[in-house]
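Novice: I am sharing run-v4.csv, which consists of CSV, C-alpha atoms:
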chain,number,residue,atom,x,y,z
A,460,MET,CA,-33.2,34.8,55.6
A,461,VAL,CA,-32.2,31.1,55.3
A,462,ALA,CA,-34.6,30.8,52.4
A,463,ALA,CA,-33.1,33.8,50.7
A,464,ARG,CA,-29.6,32.4,51.0
A,465,ARG,CA,-30.8,29.1,49.6
A,466,GLY,CA,-32.3,31.0,46.7
A,467,ALA,CA,-29.1,32.9,46.1
A,468,ASP,CA,-27.1,29.6,46.1
A,469,ALA,CA,-29.6,28.0,43.8
A,470,GLY,CA,-29.3,30.8,41.2
A,471,PRO,CA,-25.7,30.2,40.2
A,472,SER,CA,-26.2,26.4,40.3
A,473,THR,CA,-29.2,26.8,37.9
A,474,VAL,CA,-27.2,29.0,35.6
A,475,ARG,CA,-24.3,26.5,35.5
A,476,LEU,CA,-26.7,23.6,34.9
A,477,TRP,CA,-28.3,25.5,32.1
A,478,ASP,CA,-24.9,26.3,30.6
A,479,ARG,CA,-24.0,22.6,30.6
A,480,VAL,CA,-27.3,21.7,29.0
A,481,VAL,CA,-26.8,24.3,26.2
A,482,GLU,CA,-23.1,23.2,25.7
A,483,THR,CA,-24.3,19.6,25.5
A,484,LEU,CA,-26.9,20.4,22.9
A,485,ARG,CA,-24.4,22.4,20.9
A,486,GLU,CA,-22.0,19.5,21.0
A,487,ARG,CA,-24.7,17.1,19.9
A,488,GLY,CA,-25.6,19.5,17.1
A,489,ARG,CA,-22.0,19.7,15.9
A,490,ARG,CA,-21.9,15.9,16.0
A,491,VAL,CA,-25.0,15.6,13.8
A,492,ARG,CA,-23.7,18.2,11.3
A,493,THR,CA,-20.3,16.3,11.2
A,494,ILE,CA,-21.8,12.9,10.4
A,495,GLY,CA,-25.0,14.1,8.6
A,496,GLY,CA,-23.3,13.7,5.2
A,497,LEU,CA,-22.2,10.2,6.1
A,498,ALA,CA,-25.7,9.2,7.1
A,499,LEU,CA,-27.0,10.5,3.7
A,500,GLN,CA,-24.3,8.6,1.9
A,501,ALA,CA,-25.0,5.4,3.8
A,502,GLY,CA,-28.8,5.6,3.1
A,503,LEU,CA,-28.4,6.2,-0.6
A,504,ALA,CA,-25.7,3.5,-0.9
A,505,ALA,CA,-27.8,0.9,0.9
A,506,GLY,CA,-30.9,1.6,-1.2
A,507,LEU,CA,-29.1,1.8,-4.5
A,508,SER,CA,-27.0,-1.4,-3.9
A,509,TRP,CA,-30.2,-3.3,-3.1
A,510,PHE,CA,-31.8,-2.0,-6.3
A,511,VAL,CA,-28.8,-3.0,-8.4
A,512,ALA,CA,-28.4,-6.5,-6.9
A,513,HIS,CA,-32.1,-7.3,-6.8
A,514,SER,CA,-33.6,-5.6,-9.9
A,515,LEU,CA,-30.7,-5.5,-12.3
A,516,LEU,CA,-28.6,-8.6,-11.4
A,517,GLN,CA,-31.6,-10.7,-10.2
A,518,VAL,CA,-30.1,-11.7,-6.9
A,519,SER,CA,-33.1,-13.1,-4.9
A,520,GLN,CA,-32.2,-11.9,-1.4
A,521,PRO,CA,-29.4,-9.3,-1.8
A,522,VAL,CA,-29.1,-8.8,2.0
A,523,PHE,CA,-25.3,-8.5,1.9
A,524,ALA,CA,-25.2,-5.8,-0.8
A,525,PRO,CA,-26.5,-3.0,1.4
A,526,ILE,CA,-24.5,-4.4,4.4
A,527,SER,CA,-21.3,-4.3,2.3
A,528,ALA,CA,-22.1,-0.7,1.2
A,529,VAL,CA,-22.7,0.5,4.7
A,530,SER,CA,-19.6,-1.3,5.9
A,531,THR,CA,-17.5,0.4,3.3
A,532,LEU,CA,-18.9,3.8,4.2
A,533,ALA,CA,-18.4,3.2,7.9
A,534,ALA,CA,-14.6,3.0,7.3
A,535,SER,CA,-12.7,6.2,8.1
A,536,VAL,CA,-12.8,8.8,5.4
A,537,GLY,CA,-9.8,8.2,3.3
A,538,GLN,CA,-9.8,4.4,3.6
A,539,ARG,CA,-13.0,3.6,1.7
A,540,LEU,CA,-11.3,2.5,-1.5
A,541,ARG,CA,-9.0,0.3,0.5
A,542,ARG,CA,-12.0,-1.0,2.5
A,543,THR,CA,-13.8,-2.0,-0.7
A,544,VAL,CA,-10.8,-4.0,-1.9
A,545,GLU,CA,-10.4,-5.6,1.5
A,546,LEU,CA,-14.1,-6.5,1.5
A,547,ILE,CA,-13.9,-8.3,-1.8
A,548,ILE,CA,-10.7,-10.1,-0.9
A,549,GLY,CA,-12.2,-11.3,2.4
A,550,VAL,CA,-15.4,-12.5,0.8
A,551,THR,CA,-13.4,-14.3,-1.9
A,552,VAL,CA,-11.2,-16.1,0.7
A,553,GLY,CA,-14.2,-17.1,2.8
A,554,VAL,CA,-16.1,-18.5,-0.2
A,555,LEU,CA,-13.1,-20.5,-1.6
A,556,ILE,CA,-12.1,-22.0,1.8
A,557,GLY,CA,-15.7,-22.7,2.7
A,558,ASP,CA,-16.6,-24.4,-0.6
A,559,LEU,CA,-13.4,-26.5,-0.8
A,560,LEU,CA,-13.6,-27.8,2.7
A,561,LEU,CA,-17.3,-28.5,2.6
A,562,VAL,CA,-16.7,-30.8,-0.4
A,563,VAL,CA,-13.9,-32.6,1.5
A,564,ILE,CA,-15.0,-32.8,5.1
A,565,GLY,CA,-18.8,-32.2,5.0
A,566,THR,CA,-20.8,-30.2,7.6
A,567,GLY,CA,-20.9,-30.1,11.4
A,568,TRP,CA,-19.7,-28.1,14.3
A,569,TRP,CA,-16.1,-29.1,14.1
A,570,GLN,CA,-16.1,-28.6,10.3
A,571,LEU,CA,-17.4,-25.1,10.9
A,572,ALA,CA,-14.7,-24.4,13.4
A,573,LEU,CA,-12.0,-25.7,11.1
A,574,ILE,CA,-13.3,-23.7,8.1
A,575,VAL,CA,-13.3,-20.5,10.1
A,576,VAL,CA,-9.8,-21.1,11.4
A,577,LEU,CA,-8.4,-21.8,8.0
A,578,ALA,CA,-10.2,-18.9,6.3
A,579,ILE,CA,-8.7,-16.5,8.9
A,580,VAL,CA,-5.2,-17.9,8.6
A,581,VAL,CA,-5.3,-17.7,4.9
A,582,ALA,CA,-6.6,-14.1,5.0
A,583,LEU,CA,-3.8,-13.2,7.5
A,584,PHE,CA,-1.2,-14.8,5.3
A,585,LEU,CA,-2.4,-13.0,2.1
A,586,VAL,CA,-3.2,-9.5,3.5
A,587,GLY,CA,-3.0,-9.3,7.3
A,588,SER,CA,-5.8,-6.6,7.5
A,589,ALA,CA,-8.4,-6.8,10.3
A,590,ALA,CA,-11.1,-6.0,7.8
A,591,VAL,CA,-10.1,-8.8,5.5
A,592,VAL,CA,-9.9,-11.3,8.4
A,593,VAL,CA,-13.4,-10.3,9.6
A,594,GLN,CA,-14.9,-10.7,6.1
A,595,ALA,CA,-13.2,-14.0,5.5
A,596,GLY,CA,-14.3,-15.4,8.8
A,597,ALA,CA,-17.9,-14.2,8.5
A,598,THR,CA,-18.2,-15.4,4.9
A,599,ALA,CA,-16.8,-18.8,5.9
A,600,VAL,CA,-19.4,-19.1,8.6
A,601,LEU,CA,-22.2,-18.3,6.1
A,602,ILE,CA,-21.0,-20.8,3.6
A,603,ALA,CA,-20.5,-23.5,6.1
A,604,THR,CA,-23.9,-23.1,7.8
A,605,LEU,CA,-26.2,-22.0,4.9
A,606,SER,CA,-24.8,-23.8,1.9
A,607,PRO,CA,-26.4,-27.2,2.8
A,608,ALA,CA,-29.8,-25.5,2.9
A,609,VAL,CA,-29.4,-22.7,0.3
A,610,ARG,CA,-28.3,-23.6,-3.1
A,611,ASP,CA,-25.8,-21.4,-5.1
A,612,LEU,CA,-25.0,-19.1,-2.1
A,613,GLU,CA,-21.5,-18.5,-3.1
A,614,ILE,CA,-21.9,-16.4,-6.3
A,615,PRO,CA,-24.7,-14.1,-4.8
A,616,ARG,CA,-22.5,-13.5,-1.8
A,617,PHE,CA,-19.6,-12.4,-3.9
A,618,VAL,CA,-21.8,-10.4,-6.2
A,619,ASP,CA,-23.3,-8.7,-3.1
A,620,ALA,CA,-19.9,-7.7,-1.9
A,621,LEU,CA,-18.9,-6.4,-5.3
A,622,VAL,CA,-22.1,-4.4,-5.7
A,623,GLY,CA,-22.1,-3.0,-2.2
A,624,GLY,CA,-18.5,-1.8,-2.3
A,625,GLY,CA,-18.8,-0.5,-5.9
A,626,VAL,CA,-22.0,1.4,-5.1
A,627,ALA,CA,-20.5,2.9,-2.0
A,628,LEU,CA,-17.6,4.2,-4.0
A,629,LEU,CA,-20.0,5.5,-6.7
A,630,VAL,CA,-21.9,7.4,-4.0
A,631,THR,CA,-18.7,8.7,-2.4
A,632,ALA,CA,-17.1,9.8,-5.7
A,633,VAL,CA,-20.1,10.9,-7.9
A,634,LEU,CA,-23.5,11.1,-6.4
A,635,LEU,CA,-22.8,12.6,-2.9
A,636,PRO,CA,-19.1,13.5,-2.9
A,637,LEU,CA,-17.6,15.1,0.2
A,638,ASN,CA,-16.1,18.5,-0.3
A,639,PRO,CA,-12.4,17.8,0.5
A,640,LEU,CA,-11.7,21.4,1.5
A,641,ARG,CA,-14.6,21.3,3.9
A,642,VAL,CA,-13.4,17.9,5.4
A,643,LEU,CA,-10.0,19.5,6.0
A,644,ASN,CA,-11.5,22.7,7.5
A,645,ARG,CA,-13.7,20.8,9.9
A,646,ALA,CA,-10.8,18.7,11.2
A,647,ALA,CA,-8.1,21.4,11.2
A,648,ARG,CA,-10.1,24.1,12.9
A,649,PRO,CA,-10.1,22.6,16.4
A,650,ALA,CA,-6.3,21.9,16.3
A,651,LEU,CA,-5.4,25.4,15.0
A,652,ASP,CA,-7.9,27.1,17.3
A,653,LEU,CA,-6.4,25.3,20.3
A,654,LEU,CA,-2.8,26.3,19.3
A,655,ALA,CA,-3.7,30.0,18.7
A,656,ALA,CA,-5.7,30.2,22.0
A,657,GLN,CA,-2.8,28.8,24.1
A,658,LEU,CA,-0.2,30.9,22.4
A,659,ASP,CA,-2.4,34.0,23.3
A,660,ALA,CA,-2.7,32.7,26.8
A,661,ALA,CA,1.1,32.3,27.0
A,662,ALA,CA,1.6,35.9,25.7
A,663,GLU,CA,-0.7,37.2,28.4
A,664,ALA,CA,1.0,35.2,31.0
A,665,LEU,CA,4.4,36.6,30.0
A,666,THR,CA,3.0,40.2,30.1
A,667,GLU,CA,1.4,39.7,33.5
A,668,ARG,CA,4.2,37.4,34.8
A,669,ASP,CA,1.5,34.9,35.7
A,670,ALA,CA,3.1,31.4,35.9
A,671,ASP,CA,-0.2,29.7,36.8
A,672,ARG,CA,-1.8,31.0,33.6
A,673,ALA,CA,1.2,29.7,31.6
A,674,ARG,CA,0.9,26.3,33.2
A,675,THR,CA,-2.8,26.2,32.3
A,676,ALA,CA,-2.0,26.9,28.7
A,677,ARG,CA,0.7,24.2,28.7
A,678,GLY,CA,-1.8,21.7,30.1
A,679,GLU,CA,-4.5,22.7,27.6
A,680,LEU,CA,-2.1,22.3,24.7
A,681,ARG,CA,-1.3,18.8,25.8
A,682,GLN,CA,-4.9,17.8,24.9
A,683,SER,CA,-4.1,18.3,21.2
A,684,ALA,CA,-3.2,14.7,20.3
A,685,GLY,CA,-6.8,13.7,19.5
A,686,ARG,CA,-7.4,16.8,17.4
A,687,LEU,CA,-4.2,16.3,15.5
A,688,LYS,CA,-5.1,12.6,14.8
A,689,ALA,CA,-8.4,13.7,13.4
A,690,PHE,CA,-6.6,16.3,11.2
A,691,VAL,CA,-4.2,13.6,9.9
A,692,GLU,CA,-7.1,11.3,9.1
A,693,ALA,CA,-8.9,14.1,7.4
A,694,THR,CA,-6.0,14.7,5.1
A,695,GLN,CA,-6.3,11.1,3.9
A,696,GLY,CA,-10.0,11.6,3.3
A,697,ALA,CA,-9.4,14.8,1.4
A,698,ARG,CA,-6.8,13.2,-0.8
A,699,GLU,CA,-9.2,10.3,-1.5
A,700,ALA,CA,-12.1,12.5,-2.2
A,701,SER,CA,-10.1,14.7,-4.6
A,702,ALA,CA,-8.7,11.6,-6.3
A,703,LEU,CA,-12.0,9.7,-6.7
A,704,SER,CA,-14.5,12.5,-7.4
A,705,PRO,CA,-14.3,14.2,-10.8
A,706,VAL,CA,-15.9,17.3,-9.3
A,707,TYR,CA,-12.9,17.9,-7.1
A,708,TRP,CA,-10.0,16.7,-9.4
A,709,HIS,CA,-8.9,20.2,-9.9
A,710,GLN,CA,-8.2,20.6,-6.2
A,711,ARG,CA,-5.7,17.7,-6.0
A,712,HIS,CA,-2.7,19.9,-6.6
A,713,GLY,CA,-4.2,23.2,-5.4
A,714,PRO,CA,-5.5,24.1,-2.0
A,715,VAL,CA,-6.4,20.6,-1.0
A,716,GLY,CA,-2.9,19.3,-1.8
A,717,ARG,CA,-1.3,22.1,0.1
A,718,TYR,CA,-3.6,21.8,3.0
A,719,ALA,CA,-3.1,18.0,3.2
A,720,GLN,CA,0.7,18.4,3.3
A,721,ALA,CA,0.3,20.8,6.3
A,722,ALA,CA,-0.5,18.1,8.8
A,723,GLU,CA,3.0,17.1,9.7
A,724,PRO,CA,4.5,20.7,10.0
A,725,ILE,CA,1.5,21.7,12.1
A,726,ASP,CA,2.1,18.7,14.4
A,727,ARG,CA,5.7,20.0,14.8
A,728,ALA,CA,4.4,23.5,15.4
A,729,MET,CA,2.2,22.1,18.2
A,730,ARG,CA,5.2,20.4,19.9
A,731,ASN,CA,7.5,23.4,19.5
A,732,SER,CA,4.8,25.7,20.9
A,733,GLY,CA,4.5,23.3,23.9
A,734,THR,CA,8.2,23.8,24.6
A,735,LEU,CA,7.8,27.6,24.2
A,736,ILE,CA,5.0,27.6,26.8
A,737,ARG,CA,6.9,25.3,29.1
A,738,ARG,CA,10.0,27.6,29.1
A,739,SER,CA,7.7,30.6,29.6
A,740,VAL,CA,6.7,29.0,32.9
A,741,THR,CA,10.4,28.6,33.9
A,742,LEU,CA,11.1,32.2,32.8
A,743,ILE,CA,8.4,33.6,35.0
A,744,GLU,CA,9.3,31.5,38.0
A,745,ASP,CA,13.0,32.4,37.7
A,746,GLY,CA,12.3,36.1,37.5
A,747,GLU,CA,14.1,36.5,34.2
A,748,PRO,CA,13.7,39.8,32.3
A,749,VAL,CA,10.7,39.9,30.0
A,750,PRO,CA,11.2,42.6,27.3
A,751,GLU,CA,7.9,44.1,26.1
A,752,SER,CA,8.6,42.6,22.6
A,753,LEU,CA,8.7,39.0,23.9
A,754,PRO,CA,5.0,38.5,24.6
A,755,THR,CA,4.3,40.6,21.5
A,756,ALA,CA,6.2,38.1,19.4
A,757,VAL,CA,4.2,35.2,21.0
A,758,ALA,CA,0.9,37.0,20.3
A,759,ASP,CA,2.0,37.7,16.7
A,760,LEU,CA,2.7,33.9,16.4
A,761,ALA,CA,-0.9,33.2,17.6
A,762,GLU,CA,-2.3,35.6,15.0
A,763,ALA,CA,-0.2,33.9,12.3
A,764,VAL,CA,-1.9,30.6,13.2
A,765,ARG,CA,-5.4,32.2,13.0
A,766,LEU,CA,-4.6,33.7,9.6
A,767,LEU,CA,-3.3,30.4,8.3
A,768,LYS,CA,-6.5,28.7,9.4
A,769,ARG,CA,-8.7,31.4,7.7
A,770,GLN,CA,-6.7,31.4,4.4
A,771,PHE,CA,-6.6,27.6,4.3
A,772,ALA,CA,-10.4,27.6,4.8
A,773,ALA,CA,-10.9,30.0,1.9
A,774,GLY,CA,-8.6,28.0,-0.3
A,775,ALA,CA,-6.4,31.1,-0.8
A,776,GLU,CA,-2.6,31.3,-1.0
A,777,PRO,CA,-1.6,32.0,2.7
A,778,ASN,CA,0.6,35.0,2.0
A,779,ARG,CA,-0.8,37.1,4.9
A,780,ALA,CA,-0.2,34.2,7.3
A,781,ARG,CA,3.4,34.1,6.1
A,782,GLU,CA,3.9,37.8,6.6
A,783,GLN,CA,2.4,37.6,10.1
A,784,ALA,CA,4.6,34.7,11.0
A,785,LEU,CA,7.7,36.6,9.8
A,786,ARG,CA,6.5,39.6,11.9
A,787,ALA,CA,6.6,37.3,14.9
A,788,VAL,CA,10.2,36.4,14.1
A,789,ARG,CA,11.2,40.0,13.6
A,790,THR,CA,9.7,40.9,17.0
A,791,ALA,CA,11.4,38.0,18.7
A,792,GLY,CA,14.7,39.3,17.3
A,793,HIS,CA,14.0,42.7,19.0
A,794,ALA,CA,13.3,40.8,22.2
A,795,TYR,CA,16.6,38.9,22.0
A,796,ARG,CA,18.6,42.0,21.4
A,797,ASP,CA,16.7,43.9,24.2
A,798,GLY,CA,18.1,41.3,26.6
A,799,VAL,CA,16.7,38.0,27.8
A,800,GLY,CA,17.8,35.3,30.2
A,801,PHE,CA,18.4,31.6,29.5
A,802,SER,CA,14.8,30.6,29.3
A,803,GLY,CA,13.9,33.8,27.4
A,804,ALA,CA,16.4,32.8,24.8
A,805,VAL,CA,14.8,29.4,24.5
A,806,VAL,CA,11.4,31.1,24.1
A,807,VAL,CA,12.9,33.2,21.3
A,808,ALA,CA,14.4,30.1,19.6
A,809,GLN,CA,11.0,28.3,19.8
A,810,VAL,CA,9.3,31.3,18.2
A,811,ARG,CA,11.8,31.0,15.3
A,812,THR,CA,11.3,27.2,15.0
A,813,THR,CA,7.5,27.4,15.2
A,814,VAL,CA,7.4,30.1,12.5
A,815,SER,CA,9.6,27.8,10.3
A,816,ASP,CA,7.0,25.0,10.8
A,817,LEU,CA,4.1,27.3,9.9
A,818,LEU,CA,5.9,28.5,6.8
A,819,VAL,CA,6.4,24.9,5.7
A,820,ALA,CA,2.8,24.3,6.5
A,821,SER,CA,1.9,27.2,4.2
A,822,GLY,CA,3.6,25.5,1.3
A,823,LEU,CA,7.3,26.7,1.4
A,824,ARG,CA,10.2,24.3,1.3
A,825,GLN,CA,12.0,23.8,4.6
A,826,GLU,CA,15.2,25.4,3.3
A,827,ASP,CA,13.4,28.5,2.1
A,828,ALA,CA,11.5,28.8,5.4
A,829,ASN,CA,14.7,28.5,7.4
A,830,HIS,CA,16.4,31.1,5.2
A,831,LEU,CA,13.6,33.6,5.6
A,832,VAL,CA,13.5,33.1,9.4
A,833,ARG,CA,17.3,33.7,9.7
A,834,ARG,CA,17.2,36.8,7.4
A,835,VAL,CA,14.2,38.4,9.2
A,836,PHE,CA,15.4,37.7,12.7
A,837,GLY,CA,18.5,39.8,12.2
A,838,ASP,CA,21.8,39.8,14.1
A,839,LEU,CA,22.2,37.0,16.6
A,840,ARG,CA,24.6,38.8,18.8
A,841,GLU,CA,23.4,40.9,21.7
A,842,PRO,CA,24.1,44.7,21.8
A,843,GLY,CA,27.5,45.5,23.3
A,844,ASP,CA,29.1,42.3,22.1
A,845,PRO,CA,32.5,43.3,20.7
A,846,GLN,CA,32.1,40.7,17.9
A,847,ARG,CA,28.7,41.9,16.9
A,848,SER,CA,28.5,42.8,13.2
A,849,GLN,CA,27.8,46.4,12.3
A,850,THR,CA,24.6,45.8,10.5
A,851,ALA,CA,21.8,43.3,10.9
A,852,ALA,CA,20.4,41.3,8.1
A,853,PRO,CA,17.7,43.3,6.2
A,854,PRO,CA,14.1,42.3,7.0
Before anything else, please render the file you have as structure tokens.
Specialist:
Amino acid sequence: MVAARRGADAGPSTVRLWDRVVETLRERGRRVRTIGGLALQAGLAAGLSWFVAHSLLQVSQPVFAPISAVSTLAASVGQRLRRTVELIIGVTVGVLIGDLLLVVIGTGWWQLALIVVLAIVVALFLVGSAAVVVQAGATAVLIATLSPAVRDLEIPRFVDALVGGGVALLVTAVLLPLNPLRVLNRAARPALDLLAAQLDAAAEALTERDADRARTARGELRQSAGRLKAFVEATQGAREASALSPVYWHQRHGPVGRYAQAAEPIDRAMRNSGTLIRRSVTLIEDGEPVPESLPTAVADLAEAVRLLKRQFAAGAEPNRAREQALRAVRTAGHAYRDGVGFSGAVVVAQVRTTVSDLLVASGLRQEDANHLVRRVFGDLREPGDPQRSQTAAPP
């Protein structure tokens, strides 16, 4: 009997362990798919930069050309052009400072220290970028330590930096360009999925008057900072890819441009949804009335987020997402006129504000979004109010 109990206990533990293993493998697979394109770009850039420097430009040992190429590609997507410029500036500063001081003060340990200090100070004064500082300091070390033994090191080092950075940009823009829409989809999907899921959870919590479930949704939504940061960085990468790559020039002012401009309003929608869920917790705890239309409005808002994600991914004009968002506003207006308490009124207000954010994310101007929300919401006064207008605004 004891053995049977142990076997029963081991069963769920084995299942949980297997689930963790499967989830870990899936996460590793997603990671490989995410950076697989970068690995191909880095390999091609390294090999091509070596070939250009060694075979075409006759640099005897072009070690730094592939290093420079990989260093450029290792920068965040969206900062590669800037990294190439910083690389060249840093190498130039290091070469000039190293050469000038070696002629004046000679070689030695204290000369090396002085050369590195001055190279970093000059780089900070000129640009102030960490990448420039690193390249200037590293190049100064190479010049100060290898110049006495290796003749004419300065020009090959500069050529290597120029070739490596240039080849990296060539690979990024022409040979293996990233699809900017795919970059945005990959980064935006986790943030939008999280937002939709927690709004759905809040709607269910309101329906069931489950404050614990609403608290869980609030806590989950607080984990959105990292996903939003990845989305913002992806917008920079998409803009860079559509600007550098001739293949994607046509997307600069189309779906990619619209998608890239959505990061800030989606960030606001996240924060306003957090307030919505937080007030839902208070509403449930205080026992305020919950009209049937209130959780429906929140669920409609979640569906609008999902539609926005799908239409962005397809590169389509997000008309259906706008219609669904306005449906959420209309339903929230019904909830307000059906009768809500103080926290319920805040939830209604946050539905309106979040919808306005989503409409701006879809490409509307802020003024147009606000006007649509006010018109569709209807009369702001509750039924029975003697000052209530006779007709509500038309939907």
Novice: With a cut-off of 10 Å, could you pull out the residues of region 607-705 of chain A touching region 773-790 of chain A and give me the nearest pair of atoms for each, distance in Å to one decimal, using all atoms listed in the file, ordered by chain and ascending number, as a tab-separated table?
Specialist:
residue	atom	partner	partner_atom	distance
A:Leu640	CA	A:Gly774	CA	7.5
A:Arg641	CA	A:Ala773	CA	9.7
A:Asn644	CA	A:Ala773	CA	9.2
Novice: Could the residues in this selection be saved with C-alpha atoms as an mmCIF file, in the coordinates of the input?
Specialist:
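Contents of the output file selection_5.cif:
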data_model
loop_
_atom_site.group_PDB
_atom_site.id
_atom_site.type_symbol
_atom_site.label_atom_id
_atom_site.label_comp_id
_atom_site.auth_asym_id
_atom_site.auth_seq_id
_atom_site.Cartn_x
_atom_site.Cartn_y
_atom_site.Cartn_z
ATOM 1 C CA LEU A 640 -11.700 21.400 1.500
ATOM 2 C CA ARG A 641 -14.600 21.300 3.900
ATOM 3 C CA ASN A 644 -11.500 22.700 7.500
#
Novice: I'd like to know which of A:Ile602, A:Val529, A:Arg541, A:Asp619 is closest to Val586 (chain A), using only C-alpha atoms.
Specialist: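 Distance minimum relative to Val586 (chain A) lands on A:Arg541.
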Novice: Between A:Val592, A:Ala791, A:Ala662, A:Ala603, which has the minimum distance to Ile564 (chain A) (counting all atoms listed in the file)?
Specialist: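 When distances to Ile564 (chain A) are compared using all atoms listed in the file, the smallest one comes from A:Ala603.
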Novice: Calculated over all atoms listed in the file, which of the candidates A:Val749, A:Val591, A:Leu532, A:Ala808 has the smallest distance to Val626 (chain A)?
Specialist: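 Looking at the shortest contact to Val626 (chain A), the residue is A:Leu532.
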Novice: Using all atoms listed in the file, find all polymer residues with an atom at most 8 Å away from the point (-22.9, -9.3, -2.6); report them as a PDB file with C-alpha atoms, in the coordinates of the input.
Specialist:
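Here's the written file result-v7.pdb:
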ATOM      1  CA  ALA A 512     -28.400  -6.500  -6.900  1.00  0.00           C
ATOM      2  CA  PRO A 521     -29.400  -9.300  -1.800  1.00  0.00           C
ATOM      3  CA  VAL A 522     -29.100  -8.800   2.000  1.00  0.00           C
ATOM      4  CA  PHE A 523     -25.300  -8.500   1.900  1.00  0.00           C
ATOM      5  CA  ALA A 524     -25.200  -5.800  -0.800  1.00  0.00           C
ATOM      6  CA  SER A 527     -21.300  -4.300   2.300  1.00  0.00           C
ATOM      7  CA  PRO A 615     -24.700 -14.100  -4.800  1.00  0.00           C
ATOM      8  CA  ARG A 616     -22.500 -13.500  -1.800  1.00  0.00           C
ATOM      9  CA  PHE A 617     -19.600 -12.400  -3.900  1.00  0.00           C
ATOM     10  CA  VAL A 618     -21.800 -10.400  -6.200  1.00  0.00           C
ATOM     11  CA  ASP A 619     -23.300  -8.700  -3.100  1.00  0.00           C
ATOM     12  CA  ALA A 620     -19.900  -7.700  -1.900  1.00  0.00           C
ATOM     13  CA  LEU A 621     -18.900  -6.400  -5.300  1.00  0.00           C
ATOM     14  CA  VAL A 622     -22.100  -4.400  -5.700  1.00  0.00           C
ATOM     15  CA  GLY A 623     -22.100  -3.000  -2.200  1.00  0.00           C
TER      16      GLY A 623
END
Novice: List as a ChimeraX atom specification the protein and nucleic acid residues near Val764 (chain A), meaning an atom at most 7 Å away when all atoms listed in the file are counted, but skip any in the same chain fewer than 4 places from it.
Specialist: /A:651,655,760,768
Novice: For a quick check of your reading of the model, name the residues lying within 8 Å of the coordinate (-14.5, -21.4, 3.0), counting only C-alpha atoms, and write them as a tab-separated table (two decimals) with C-alpha atoms, in the coordinates of the input.
Specialist:
chain	number	residue	atom	x	y	z
A	552	VAL	CA	-11.20	-16.10	0.70
A	553	GLY	CA	-14.20	-17.10	2.80
A	554	VAL	CA	-16.10	-18.50	-0.20
A	555	LEU	CA	-13.10	-20.50	-1.60
A	556	ILE	CA	-12.10	-22.00	1.80
A	557	GLY	CA	-15.70	-22.70	2.70
A	558	ASP	CA	-16.60	-24.40	-0.60
A	559	LEU	CA	-13.40	-26.50	-0.80
A	560	LEU	CA	-13.60	-27.80	2.70
A	561	LEU	CA	-17.30	-28.50	2.60
A	574	ILE	CA	-13.30	-23.70	8.10
A	575	VAL	CA	-13.30	-20.50	10.10
A	577	LEU	CA	-8.40	-21.80	8.00
A	578	ALA	CA	-10.20	-18.90	6.30
A	595	ALA	CA	-13.20	-14.00	5.50
A	598	THR	CA	-18.20	-15.40	4.90
A	599	ALA	CA	-16.80	-18.80	5.90
A	600	VAL	CA	-19.40	-19.10	8.60
A	602	ILE	CA	-21.00	-20.80	3.60
A	603	ALA	CA	-20.50	-23.50	6.10
Novice: Give me the region 586-655 of chain A side of the contact with region 663-687 of chain A, cut-off 12 Å, one line per residue showing its nearest atom pair and distance in Å at one decimal, counting only C-alpha atoms, sorted by chain and residue number, as JSON lines.
Specialist:
{"residue": "A:Leu643", "atom": "CA", "partner": "A:Leu687", "partner_atom": "CA", "distance": 11.6}
{"residue": "A:Arg645", "atom": "CA", "partner": "A:Arg686", "partner_atom": "CA", "distance": 10.6}
{"residue": "A:Ala646", "atom": "CA", "partner": "A:Arg686", "partner_atom": "CA", "distance": 7.3}
{"residue": "A:Ala647", "atom": "CA", "partner": "A:Leu687", "partner_atom": "CA", "distance": 7.7}
{"residue": "A:Arg648", "atom": "CA", "partner": "A:Arg686", "partner_atom": "CA", "distance": 9.0}
{"residue": "A:Pro649", "atom": "CA", "partner": "A:Arg686", "partner_atom": "CA", "distance": 6.5}
{"residue": "A:Ala650", "atom": "CA", "partner": "A:Arg686", "partner_atom": "CA", "distance": 5.3}
{"residue": "A:Leu651", "atom": "CA", "partner": "A:Arg686", "partner_atom": "CA", "distance": 9.1}
{"residue": "A:Asp652", "atom": "CA", "partner": "A:Arg686", "partner_atom": "CA", "distance": 10.3}
{"residue": "A:Leu653", "atom": "CA", "partner": "A:Leu680", "partner_atom": "CA", "distance": 6.8}
{"residue": "A:Leu654", "atom": "CA", "partner": "A:Leu680", "partner_atom": "CA", "distance": 6.8}
{"residue": "A:Ala655", "atom": "CA", "partner": "A:Leu680", "partner_atom": "CA", "distance": 9.9}
Novice: Just give me the gap between CA of Leu503 (chain A) and CA of Gly624 (chain A) in Å, one decimal is fine.
Specialist: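 Going from CA of Leu503 (chain A) over to CA of Gly624 (chain A), I get 12.8 Å.
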Novice: Point out the residue among A:Thr483, A:Thr531, A:Ser704, A:Ser519 with the least atom-to-atom distance to Ala505 (chain A), counting only C-alpha atoms.
Specialist: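 Using only C-alpha atoms, Ala505 (chain A) sits closest to A:Thr531.
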Novice: Expressed in Å to a single decimal, how great is the separation between CA of Ala728 (chain A) and CA of Arg796 (chain A)?
Specialist: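 Between CA of Ala728 (chain A) and CA of Arg796 (chain A) the gap works out to 24.1 Å.
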Novice: Provide the CA of Val805 (chain A) to CA of Ser739 (chain A) distance in Å, to one decimal place.
Specialist: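 Distance reported for this atom pair: 8.8 Å.
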Novice: Kindly indicate which residue among A:Pro724, A:Pro705, A:Gly567, A:Gly506 lies nearest to Val814 (chain A), using only C-alpha atoms for the distances.
Specialist: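 Under the stated criterion, the closest residue is A:Pro724.
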